[in-house]
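Peer 1: Have a look at this one.
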Amino acid sequence: MKSKYDLLVVGGGPGGALAARTAAEKGLSVLLVEKRPAIGAPVRCAEGIGKEAVAEFVKPDPRWISAELKGADIVAPDGTTMTLASEQAGSKVGYILDRKIFDRELVWQAAEAGADVAVKTRASAPLIEGGAVKGAVLEFCGEARRVNAEIVIAADGVESKFSRWCGIDTTVPVREIMTSAQYLMTDIDIDPDKTVFLLGNEVAPEGYLWIFPKGDRTANVGVGISGKKSGQGHRARDYLDRFVSKRFPKGKTIEHIVGGVSVCQPLACTAGDGLMIVGDAARVVDPLTGGGIYNAMFTGKLAAERAVSAISDGNTGKRALMPYDAAWRNSHMGKTIARNWQIKEYLIKLPDEKLNAIIHSAATLKMKEFSTLSLIKELMKRNPRLVMELAALKASLG
Ligand SMILES: Cc1cc2nc3c(=O)[nH]c(=O)nc-3n(C[C@H](O)[C@H](O)[C@H](O)COP(=O)(O)OP(=O)(O)OC[C@H]3O[C@@H](n4cnc5c(N)ncnc54)[C@H](O)[C@@H]3O)c2cc1C
């Protein structure tokens, strides 16, 4: 590790890895630090992602694809199932990744492009000069080192502290943190080609329960509920245990994770003097689905591209970095987040009876493509009141 780099990336998840890889490929000297002893572990993710989303950043490789999906079941509170089958889904379906290998692959690619990588190395404070971020204090096995950088990219995930230390408000309202629990279960009867989403207050208040197959008899089985619905006896894990004891009484749990997903709006500003914030740290998770792998990679790459231009122009101040903020907000990803946040705010207020009615109406759904947007569009066609109520919500939110 050197004492000075062009770019310091804090966090070795998909956001940090894409930032480091992109910047190193374009000739910057880069250091990526990860506080955990291994990249990719422990996994705190259900590992679902669209095929096209992956292909935008990395060539698909069977080593890190656990399952290739052919469809999805959405189960209403009363048990009615809406099936989105492969013939409806066309080619736009997804993968269940093996993130232990996927995340490593991305960081290997960054290292191969020339980035230095340090694991078990925690950024514990920013270095600030004249109000601008100029690097960080890095702790490795109890030893602290100051490492200077022209720009720091904070890719430190949902628990992000780095940008807060730099004076940016990163608070997420409790009701907009999905608290989650997930078991990797084996020896269970599942359809290995389909994801399953279960909705309703009994199963997952203001959230959903998922079964994401990772093989013939193995799946990530998890539940996310609103932080404000969580409490003694009704935490995410309690909902999960109740479901699992009924549905998979003989299944074996081989991994157990808990984690939070922010389903709020993104940070008001994701750039500062010498600083850019990407991925979960920027709160760019899709508020409707809780998916953030793609958004982390997308923002990581964009931030690195901006870093390259800013450094070559010799100006790493906030104004020079703000085009990064504008670029992701104006992108398809940014617009999807804005739209899906409003839809999420609408859906979480629906009583179970209304959710049942919406899913009943969709029993004969025929979709040309398999995406959240096409699903919402089809549901709206069948439920014109949805459009009016969403419009009213939009107006009330300003
Ligand atoms: C239960 C659950 C299920 C999910 N399921 C899905 C899903 O199916 N599909 C999907 O797309 N998304 C899913 N997500 C969200 C997804 O996991 C994240 O959006 C994604 O990992 C974000 O990537 P990132 O690089 O921003 O952050 P992360 O992957 O969280 O990486 C951040 C890294 O920064 C490191 N770090 C933190 N602080 C420091 C520091 N001070 N110094 C050095 N390193 C630091 C952390 O150890 C971590 O490795 C899920 C999340 C949860 C919790």
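The chains in the structure tokens are called A, B, ... from first to last as shown; in each chain the residues are counted from 1, and the ligands are counted from 1 in the order shown.
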Which chains and residue numbers are within 6 Å of ligand 1, counting only C-alpha atoms and all ligand atoms, if I want them as a PyMOL selection string?
Peer 2: chain A and resi 10-16+33-36+44-49+121-124+155-158+160+180-181+259-261+279-281+285+290-294+296
Peer 1: Any idea what's packed within 9 Å of Val172 of chain A, counting only C-alpha atoms, ignoring anything in its chain fewer than 4 positions away? Could you give it as a list of chain:residue names?
Peer 2: A:Glu176, A:Ile177, A:Ser262, A:Val263, A:Cys264, A:Gln265, A:Arg283
Peer 1: For the residues in the current selection, export N, CA and C atoms as a PDB file, in the first residue's frame.
Peer 2:
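Full text of out08.pdb as output:
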ATOM      1  N   GLU A 176     -38.355   3.252   6.777  1.00  0.00           N
ATOM      2  CA  GLU A 176     -37.848   2.974   5.430  1.00  0.00           C
ATOM      3  C   GLU A 176     -36.593   2.098   5.448  1.00  0.00           C
ATOM      4  N   ILE A 177     -36.367   1.460   6.583  1.00  0.00           N
ATOM      5  CA  ILE A 177     -35.341   0.413   6.592  1.00  0.00           C
ATOM      6  C   ILE A 177     -36.088  -0.910   6.605  1.00  0.00           C
ATOM      7  N   SER A 262     -32.187  -0.177   2.717  1.00  0.00           N
ATOM      8  CA  SER A 262     -32.881   1.108   2.762  1.00  0.00           C
ATOM      9  C   SER A 262     -33.840   1.178   1.580  1.00  0.00           C
ATOM     10  N   VAL A 263     -35.100   1.526   1.866  1.00  0.00           N
ATOM     11  CA  VAL A 263     -36.072   1.671   0.772  1.00  0.00           C
ATOM     12  C   VAL A 263     -36.598   3.106   0.753  1.00  0.00           C
ATOM     13  N   CYS A 264     -35.697   4.024   1.085  1.00  0.00           N
ATOM     14  CA  CYS A 264     -36.033   5.447   1.115  1.00  0.00           C
ATOM     15  C   CYS A 264     -35.643   6.081  -0.227  1.00  0.00           C
ATOM     16  N   GLN A 265     -35.774   7.379  -0.303  1.00  0.00           N
ATOM     17  CA  GLN A 265     -35.285   8.071  -1.497  1.00  0.00           C
ATOM     18  C   GLN A 265     -33.764   8.211  -1.375  1.00  0.00           C
ATOM     19  N   ARG A 283     -27.883   5.298  -0.907  1.00  0.00           N
ATOM     20  CA  ARG A 283     -29.316   4.948  -0.773  1.00  0.00           C
ATOM     21  C   ARG A 283     -29.982   4.838  -2.152  1.00  0.00           C
TER      22      ARG A 283
END
Peer 1: How many Å lie between atom CA of Ile348 of chain A and atom CA of Met333 of chain A, rounded to one decimal?
Peer 2: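 About the pair atom CA of Ile348 of chain A and atom CA of Met333 of chain A: they are 21.7 Å apart.
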Peer 1: Neighbours of Gly334 of chain A within 12 Å (only C-alpha atoms; same-chain residues fewer than 4 positions away dropped), as a list in words?
Peer 2: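 Neighbouring residues, sequence-local ones excluded: Gln265, Pro266, Leu267, Gly279, Ala282, Arg283, Val284, Val285, Asp286, Pro287, Tyr294, Asn295, Ala296, Phe298, Thr299, Tyr324, Asp325, Ala326, Ala327, Trp328, Arg329, Asn330, Ala338, Arg339, Asn340 and Trp341 of chain A.
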Peer 1: Output N, CA and C atoms of each residue in that selection to a file, as a PDB file, in the first residue's frame.
Peer 2:
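The file below, selection23.pdb, is the result:
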ATOM      1  N   GLN A 265     -35.774   7.379  -0.303  1.00  0.00           N
ATOM      2  CA  GLN A 265     -35.285   8.071  -1.497  1.00  0.00           C
ATOM      3  C   GLN A 265     -33.764   8.211  -1.375  1.00  0.00           C
ATOM      4  N   PRO A 266     -33.081   8.355  -2.494  1.00  0.00           N
ATOM      5  CA  PRO A 266     -31.618   8.494  -2.421  1.00  0.00           C
ATOM      6  C   PRO A 266     -31.186   9.727  -1.622  1.00  0.00           C
ATOM      7  N   LEU A 267     -29.908   9.774  -1.254  1.00  0.00           N
ATOM      8  CA  LEU A 267     -29.376  10.960  -0.572  1.00  0.00           C
ATOM      9  C   LEU A 267     -29.662  12.194  -1.434  1.00  0.00           C
ATOM     10  N   GLY A 279     -23.787   3.350  -4.577  1.00  0.00           N
ATOM     11  CA  GLY A 279     -24.434   2.134  -4.097  1.00  0.00           C
ATOM     12  C   GLY A 279     -25.294   2.372  -2.866  1.00  0.00           C
ATOM     13  N   ALA A 282     -25.244   5.504  -0.958  1.00  0.00           N
ATOM     14  CA  ALA A 282     -25.959   6.648  -1.535  1.00  0.00           C
ATOM     15  C   ALA A 282     -27.465   6.455  -1.460  1.00  0.00           C
ATOM     16  N   ARG A 283     -27.883   5.298  -0.907  1.00  0.00           N
ATOM     17  CA  ARG A 283     -29.316   4.948  -0.773  1.00  0.00           C
ATOM     18  C   ARG A 283     -29.982   4.838  -2.152  1.00  0.00           C
ATOM     19  N   VAL A 284     -29.282   4.184  -3.073  1.00  0.00           N
ATOM     20  CA  VAL A 284     -29.869   4.038  -4.409  1.00  0.00           C
ATOM     21  C   VAL A 284     -30.451   2.645  -4.653  1.00  0.00           C
ATOM     22  N   VAL A 285     -30.809   1.969  -3.567  1.00  0.00           N
ATOM     23  CA  VAL A 285     -31.514   0.683  -3.726  1.00  0.00           C
ATOM     24  C   VAL A 285     -32.892   0.962  -4.331  1.00  0.00           C
ATOM     25  N   ASP A 286     -33.390   0.035  -5.159  1.00  0.00           N
ATOM     26  CA  ASP A 286     -34.749   0.182  -5.688  1.00  0.00           C
ATOM     27  C   ASP A 286     -35.730   0.038  -4.514  1.00  0.00           C
ATOM     28  N   PRO A 287     -36.509   1.091  -4.208  1.00  0.00           N
ATOM     29  CA  PRO A 287     -37.349   1.049  -3.003  1.00  0.00           C
ATOM     30  C   PRO A 287     -38.488   0.041  -3.083  1.00  0.00           C
ATOM     31  N   TYR A 294     -27.321  -4.058  -9.007  1.00  0.00           N
ATOM     32  CA  TYR A 294     -27.123  -3.342 -10.272  1.00  0.00           C
ATOM     33  C   TYR A 294     -26.862  -1.855 -10.010  1.00  0.00           C
ATOM     34  N   ASN A 295     -27.681  -1.254  -9.155  1.00  0.00           N
ATOM     35  CA  ASN A 295     -27.559   0.182  -8.917  1.00  0.00           C
ATOM     36  C   ASN A 295     -26.194   0.530  -8.316  1.00  0.00           C
ATOM     37  N   ALA A 296     -25.670  -0.366  -7.496  1.00  0.00           N
ATOM     38  CA  ALA A 296     -24.337  -0.134  -6.917  1.00  0.00           C
ATOM     39  C   ALA A 296     -23.281  -0.156  -8.023  1.00  0.00           C
ATOM     40  N   PHE A 298     -23.741   0.346 -11.215  1.00  0.00           N
ATOM     41  CA  PHE A 298     -23.992   1.459 -12.135  1.00  0.00           C
ATOM     42  C   PHE A 298     -23.409   2.761 -11.572  1.00  0.00           C
ATOM     43  N   THR A 299     -23.720   3.042 -10.302  1.00  0.00           N
ATOM     44  CA  THR A 299     -23.212   4.297  -9.725  1.00  0.00           C
ATOM     45  C   THR A 299     -21.696   4.222  -9.514  1.00  0.00           C
ATOM     46  N   TYR A 324     -21.620  13.745 -11.745  1.00  0.00           N
ATOM     47  CA  TYR A 324     -21.895  12.338 -11.387  1.00  0.00           C
ATOM     48  C   TYR A 324     -23.294  12.233 -10.785  1.00  0.00           C
ATOM     49  N   ASP A 325     -23.590  13.135  -9.849  1.00  0.00           N
ATOM     50  CA  ASP A 325     -24.900  13.120  -9.163  1.00  0.00           C
ATOM     51  C   ASP A 325     -26.017  13.293 -10.194  1.00  0.00           C
ATOM     52  N   ALA A 326     -25.808  14.276 -11.093  1.00  0.00           N
ATOM     53  CA  ALA A 326     -26.844  14.544 -12.105  1.00  0.00           C
ATOM     54  C   ALA A 326     -26.979  13.355 -13.056  1.00  0.00           C
ATOM     55  N   ALA A 327     -25.851  12.732 -13.390  1.00  0.00           N
ATOM     56  CA  ALA A 327     -25.890  11.637 -14.385  1.00  0.00           C
ATOM     57  C   ALA A 327     -26.727  10.471 -13.877  1.00  0.00           C
ATOM     58  N   TRP A 328     -26.516  10.041 -12.630  1.00  0.00           N
ATOM     59  CA  TRP A 328     -27.319   8.874 -12.214  1.00  0.00           C
ATOM     60  C   TRP A 328     -28.773   9.262 -11.977  1.00  0.00           C
ATOM     61  N   ARG A 329     -29.016  10.497 -11.471  1.00  0.00           N
ATOM     62  CA  ARG A 329     -30.411  10.902 -11.241  1.00  0.00           C
ATOM     63  C   ARG A 329     -31.201  10.953 -12.552  1.00  0.00           C
ATOM     64  N   ASN A 330     -30.532  11.402 -13.639  1.00  0.00           N
ATOM     65  CA  ASN A 330     -31.224  11.519 -14.930  1.00  0.00           C
ATOM     66  C   ASN A 330     -31.228  10.219 -15.720  1.00  0.00           C
ATOM     67  N   ALA A 338     -37.075   6.896  -8.491  1.00  0.00           N
ATOM     68  CA  ALA A 338     -38.056   7.933  -8.136  1.00  0.00           C
ATOM     69  C   ALA A 338     -39.474   7.388  -8.308  1.00  0.00           C
ATOM     70  N   ARG A 339     -39.715   6.694  -9.426  1.00  0.00           N
ATOM     71  CA  ARG A 339     -41.055   6.162  -9.667  1.00  0.00           C
ATOM     72  C   ARG A 339     -41.389   5.054  -8.665  1.00  0.00           C
ATOM     73  N   ASN A 340     -40.441   4.144  -8.468  1.00  0.00           N
ATOM     74  CA  ASN A 340     -40.733   2.993  -7.606  1.00  0.00           C
ATOM     75  C   ASN A 340     -40.891   3.389  -6.143  1.00  0.00           C
ATOM     76  N   TRP A 341     -40.265   4.489  -5.744  1.00  0.00           N
ATOM     77  CA  TRP A 341     -40.458   4.944  -4.364  1.00  0.00           C
ATOM     78  C   TRP A 341     -41.932   5.334  -4.155  1.00  0.00           C
TER      79      TRP A 341
END
Peer 1: Pick out the residues sitting within 6 Å of Thr195 of chain A, and hand them over as a PyMOL selection string; count only C-alpha atoms, and ignore anything fewer than 5 positions along from it in its own chain.
Peer 2: chain A and resi 72+211-212
Peer 1: Store the residues of this selection in a file with C-alpha atoms, as a PDB file, in the first residue's frame.
Peer 2:
ATOM      1  CA  ALA A  72     -41.818 -16.028 -10.920  1.00  0.00           C
ATOM      2  CA  ILE A 211     -37.859 -17.944  -2.026  1.00  0.00           C
ATOM      3  CA  PHE A 212     -34.948 -17.613  -4.467  1.00  0.00           C
TER       4      PHE A 212
END
Peer 1: Could you tell me, as a list of chain:residue names, which residues of segment 20-109 of chain A DSSP assigns to strand (DSSP E or B) when given the backbone?
Peer 2: A:Val30, A:Leu31, A:Leu32, A:Val33, A:Glu34, A:Gly48, A:Ile49, A:Gly50, A:Ile65, A:Ser66, A:Ala67, A:Glu68, A:Gly71, A:Ala72, A:Asp73, A:Ile74, A:Val75, A:Thr81, A:Met82, A:Thr83, A:Leu84, A:Gly94, A:Tyr95, A:Ile96, A:Leu97
Peer 1: Go ahead and save the picked residues with N, CA and C atoms, as a PDB file, in the first residue's frame.
Peer 2:
ATOM      1  N   VAL A  30      -5.233   3.422  -7.906  1.00  0.00           N
ATOM      2  CA  VAL A  30      -6.437   3.176  -7.104  1.00  0.00           C
ATOM      3  C   VAL A  30      -6.118   2.251  -5.938  1.00  0.00           C
ATOM      4  N   LEU A  31      -6.671   2.578  -4.778  1.00  0.00           N
ATOM      5  CA  LEU A  31      -6.644   1.637  -3.653  1.00  0.00           C
ATOM      6  C   LEU A  31      -8.083   1.358  -3.240  1.00  0.00           C
ATOM      7  N   LEU A  32      -8.443   0.066  -3.158  1.00  0.00           N
ATOM      8  CA  LEU A  32      -9.761  -0.321  -2.645  1.00  0.00           C
ATOM      9  C   LEU A  32      -9.534  -0.967  -1.281  1.00  0.00           C
ATOM     10  N   VAL A  33     -10.251  -0.467  -0.256  1.00  0.00           N
ATOM     11  CA  VAL A  33     -10.114  -1.083   1.070  1.00  0.00           C
ATOM     12  C   VAL A  33     -11.431  -1.711   1.487  1.00  0.00           C
ATOM     13  N   GLU A  34     -11.327  -2.871   2.113  1.00  0.00           N
ATOM     14  CA  GLU A  34     -12.506  -3.611   2.585  1.00  0.00           C
ATOM     15  C   GLU A  34     -12.238  -3.989   4.046  1.00  0.00           C
ATOM     16  N   GLY A  48     -30.588 -12.055  -6.181  1.00  0.00           N
ATOM     17  CA  GLY A  48     -31.330 -12.012  -7.438  1.00  0.00           C
ATOM     18  C   GLY A  48     -30.946 -10.797  -8.272  1.00  0.00           C
ATOM     19  N   ILE A  49     -30.832 -10.999  -9.587  1.00  0.00           N
ATOM     20  CA  ILE A  49     -30.522  -9.868 -10.489  1.00  0.00           C
ATOM     21  C   ILE A  49     -30.946 -10.241 -11.907  1.00  0.00           C
ATOM     22  N   GLY A  50     -31.302  -9.230 -12.712  1.00  0.00           N
ATOM     23  CA  GLY A  50     -31.687  -9.479 -14.106  1.00  0.00           C
ATOM     24  C   GLY A  50     -30.474  -9.860 -14.942  1.00  0.00           C
ATOM     25  N   ILE A  65     -23.022 -18.180 -11.103  1.00  0.00           N
ATOM     26  CA  ILE A  65     -24.487 -18.199 -11.303  1.00  0.00           C
ATOM     27  C   ILE A  65     -25.034 -19.464 -10.648  1.00  0.00           C
ATOM     28  N   SER A  66     -25.804 -19.295  -9.580  1.00  0.00           N
ATOM     29  CA  SER A  66     -26.350 -20.463  -8.879  1.00  0.00           C
ATOM     30  C   SER A  66     -27.571 -20.999  -9.599  1.00  0.00           C
ATOM     31  N   ALA A  67     -28.379 -20.103 -10.169  1.00  0.00           N
ATOM     32  CA  ALA A  67     -29.596 -20.558 -10.839  1.00  0.00           C
ATOM     33  C   ALA A  67     -29.977 -19.571 -11.925  1.00  0.00           C
ATOM     34  N   GLU A  68     -30.521 -20.129 -12.997  1.00  0.00           N
ATOM     35  CA  GLU A  68     -31.041 -19.313 -14.088  1.00  0.00           C
ATOM     36  C   GLU A  68     -32.555 -19.452 -14.035  1.00  0.00           C
ATOM     37  N   GLY A  71     -39.095 -17.934 -14.496  1.00  0.00           N
ATOM     38  CA  GLY A  71     -40.343 -17.254 -14.170  1.00  0.00           C
ATOM     39  C   GLY A  71     -40.443 -16.931 -12.694  1.00  0.00           C
ATOM     40  N   ALA A  72     -41.627 -16.435 -12.314  1.00  0.00           N
ATOM     41  CA  ALA A  72     -41.818 -16.028 -10.920  1.00  0.00           C
ATOM     42  C   ALA A  72     -43.270 -16.230 -10.513  1.00  0.00           C
ATOM     43  N   ASP A  73     -43.469 -16.545  -9.251  1.00  0.00           N
ATOM     44  CA  ASP A  73     -44.818 -16.617  -8.679  1.00  0.00           C
ATOM     45  C   ASP A  73     -44.979 -15.469  -7.693  1.00  0.00           C
ATOM     46  N   ILE A  74     -46.092 -14.746  -7.812  1.00  0.00           N
ATOM     47  CA  ILE A  74     -46.400 -13.725  -6.817  1.00  0.00           C
ATOM     48  C   ILE A  74     -47.643 -14.204  -6.077  1.00  0.00           C
ATOM     49  N   VAL A  75     -47.525 -14.372  -4.766  1.00  0.00           N
ATOM     50  CA  VAL A  75     -48.606 -14.992  -4.002  1.00  0.00           C
ATOM     51  C   VAL A  75     -49.308 -13.931  -3.155  1.00  0.00           C
ATOM     52  N   THR A  81     -52.165 -17.297  -6.556  1.00  0.00           N
ATOM     53  CA  THR A  81     -50.824 -17.144  -7.139  1.00  0.00           C
ATOM     54  C   THR A  81     -50.911 -16.597  -8.552  1.00  0.00           C
ATOM     55  N   MET A  82     -50.138 -15.572  -8.782  1.00  0.00           N
ATOM     56  CA  MET A  82     -50.020 -15.032 -10.143  1.00  0.00           C
ATOM     57  C   MET A  82     -48.675 -15.543 -10.672  1.00  0.00           C
ATOM     58  N   THR A  83     -48.723 -16.285 -11.776  1.00  0.00           N
ATOM     59  CA  THR A  83     -47.481 -16.868 -12.297  1.00  0.00           C
ATOM     60  C   THR A  83     -47.013 -16.102 -13.522  1.00  0.00           C
ATOM     61  N   LEU A  84     -45.796 -15.651 -13.464  1.00  0.00           N
ATOM     62  CA  LEU A  84     -45.193 -15.034 -14.649  1.00  0.00           C
ATOM     63  C   LEU A  84     -44.280 -16.105 -15.237  1.00  0.00           C
ATOM     64  N   GLY A  94     -34.014 -13.656 -14.910  1.00  0.00           N
ATOM     65  CA  GLY A  94     -32.833 -13.327 -14.130  1.00  0.00           C
ATOM     66  C   GLY A  94     -31.994 -14.504 -13.662  1.00  0.00           C
ATOM     67  N   TYR A  95     -30.998 -14.135 -12.864  1.00  0.00           N
ATOM     68  CA  TYR A  95     -30.115 -15.111 -12.228  1.00  0.00           C
ATOM     69  C   TYR A  95     -30.262 -15.017 -10.717  1.00  0.00           C
ATOM     70  N   ILE A  96     -29.949 -16.098 -10.055  1.00  0.00           N
ATOM     71  CA  ILE A  96     -29.597 -16.028  -8.645  1.00  0.00           C
ATOM     72  C   ILE A  96     -28.085 -16.244  -8.609  1.00  0.00           C
ATOM     73  N   LEU A  97     -27.395 -15.257  -8.092  1.00  0.00           N
ATOM     74  CA  LEU A  97     -25.935 -15.294  -8.099  1.00  0.00           C
ATOM     75  C   LEU A  97     -25.401 -16.101  -6.930  1.00  0.00           C
TER      76      LEU A  97
END
Peer 1: Measure the distance from atom CA of Ala20 of chain A to atom CA of Val147 of chain A in Å and round it to one decimal.
Peer 2: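 Separation between atom CA of Ala20 of chain A and atom CA of Val147 of chain A: 16.0 Å.
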Peer 1: Find the distance between atom CA of Ala362 of chain A and atom CA of Thr336 of chain A and write it in Å to one decimal.
Peer 2: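 Here the two named atoms are 22.4 Å from each other.
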Peer 1: Skip Leu275 of chain A itself and residues of its chain fewer than 3 positions away, then list as a ChimeraX atom specification all residues within 8 Å of it, counting only C-alpha atoms.
Peer 2: /A:132-133,151-154,271-272,318,321
Peer 1: Tell me, as a compact mmCIF listing (two decimals) with C-alpha atoms, in the first residue's frame, which residues lie within 10 Å of Tyr239 of chain A, counting only C-alpha atoms; anything in the same chain fewer than 2 positions away does not count.
Peer 2:
# COMPACT_ATOMS: atom_id res chain seq x y z
CA SER A 180 -34.45 -8.67 6.87
CA ALA A 181 -33.66 -12.21 7.87
CA GLU A 202 -49.45 -12.00 8.04
CA VAL A 203 -46.33 -12.95 6.09
CA ALA A 204 -44.35 -9.71 5.79
CA PRO A 205 -45.92 -6.39 6.86
CA LEU A 209 -41.14 -12.91 1.75
CA GLY A 222 -35.98 -14.67 3.50
CA VAL A 223 -38.29 -11.95 4.67
CA GLY A 224 -38.02 -8.17 4.84
CA ILE A 225 -40.41 -6.05 6.89
CA GLY A 233 -41.97 -11.48 18.90
CA HIS A 234 -42.58 -9.95 15.47
CA ARG A 235 -39.13 -9.38 14.06
CA ALA A 236 -38.23 -10.41 10.51
CA ARG A 237 -36.78 -13.64 11.87
CA ASP A 241 -39.45 -18.98 11.35
CA ARG A 242 -43.24 -19.15 11.24
CA PHE A 243 -43.20 -19.51 7.46
CA VAL A 244 -40.38 -22.01 7.33
Peer 1: Using only C-alpha atoms, which residues sit within 7 Å of Ile188 of chain A once same-chain residues fewer than 6 positions away are excluded, as a list in words?
Peer 2: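 The neighbour list is Arg217, Thr218, Phe248 and Gly251 of chain A.
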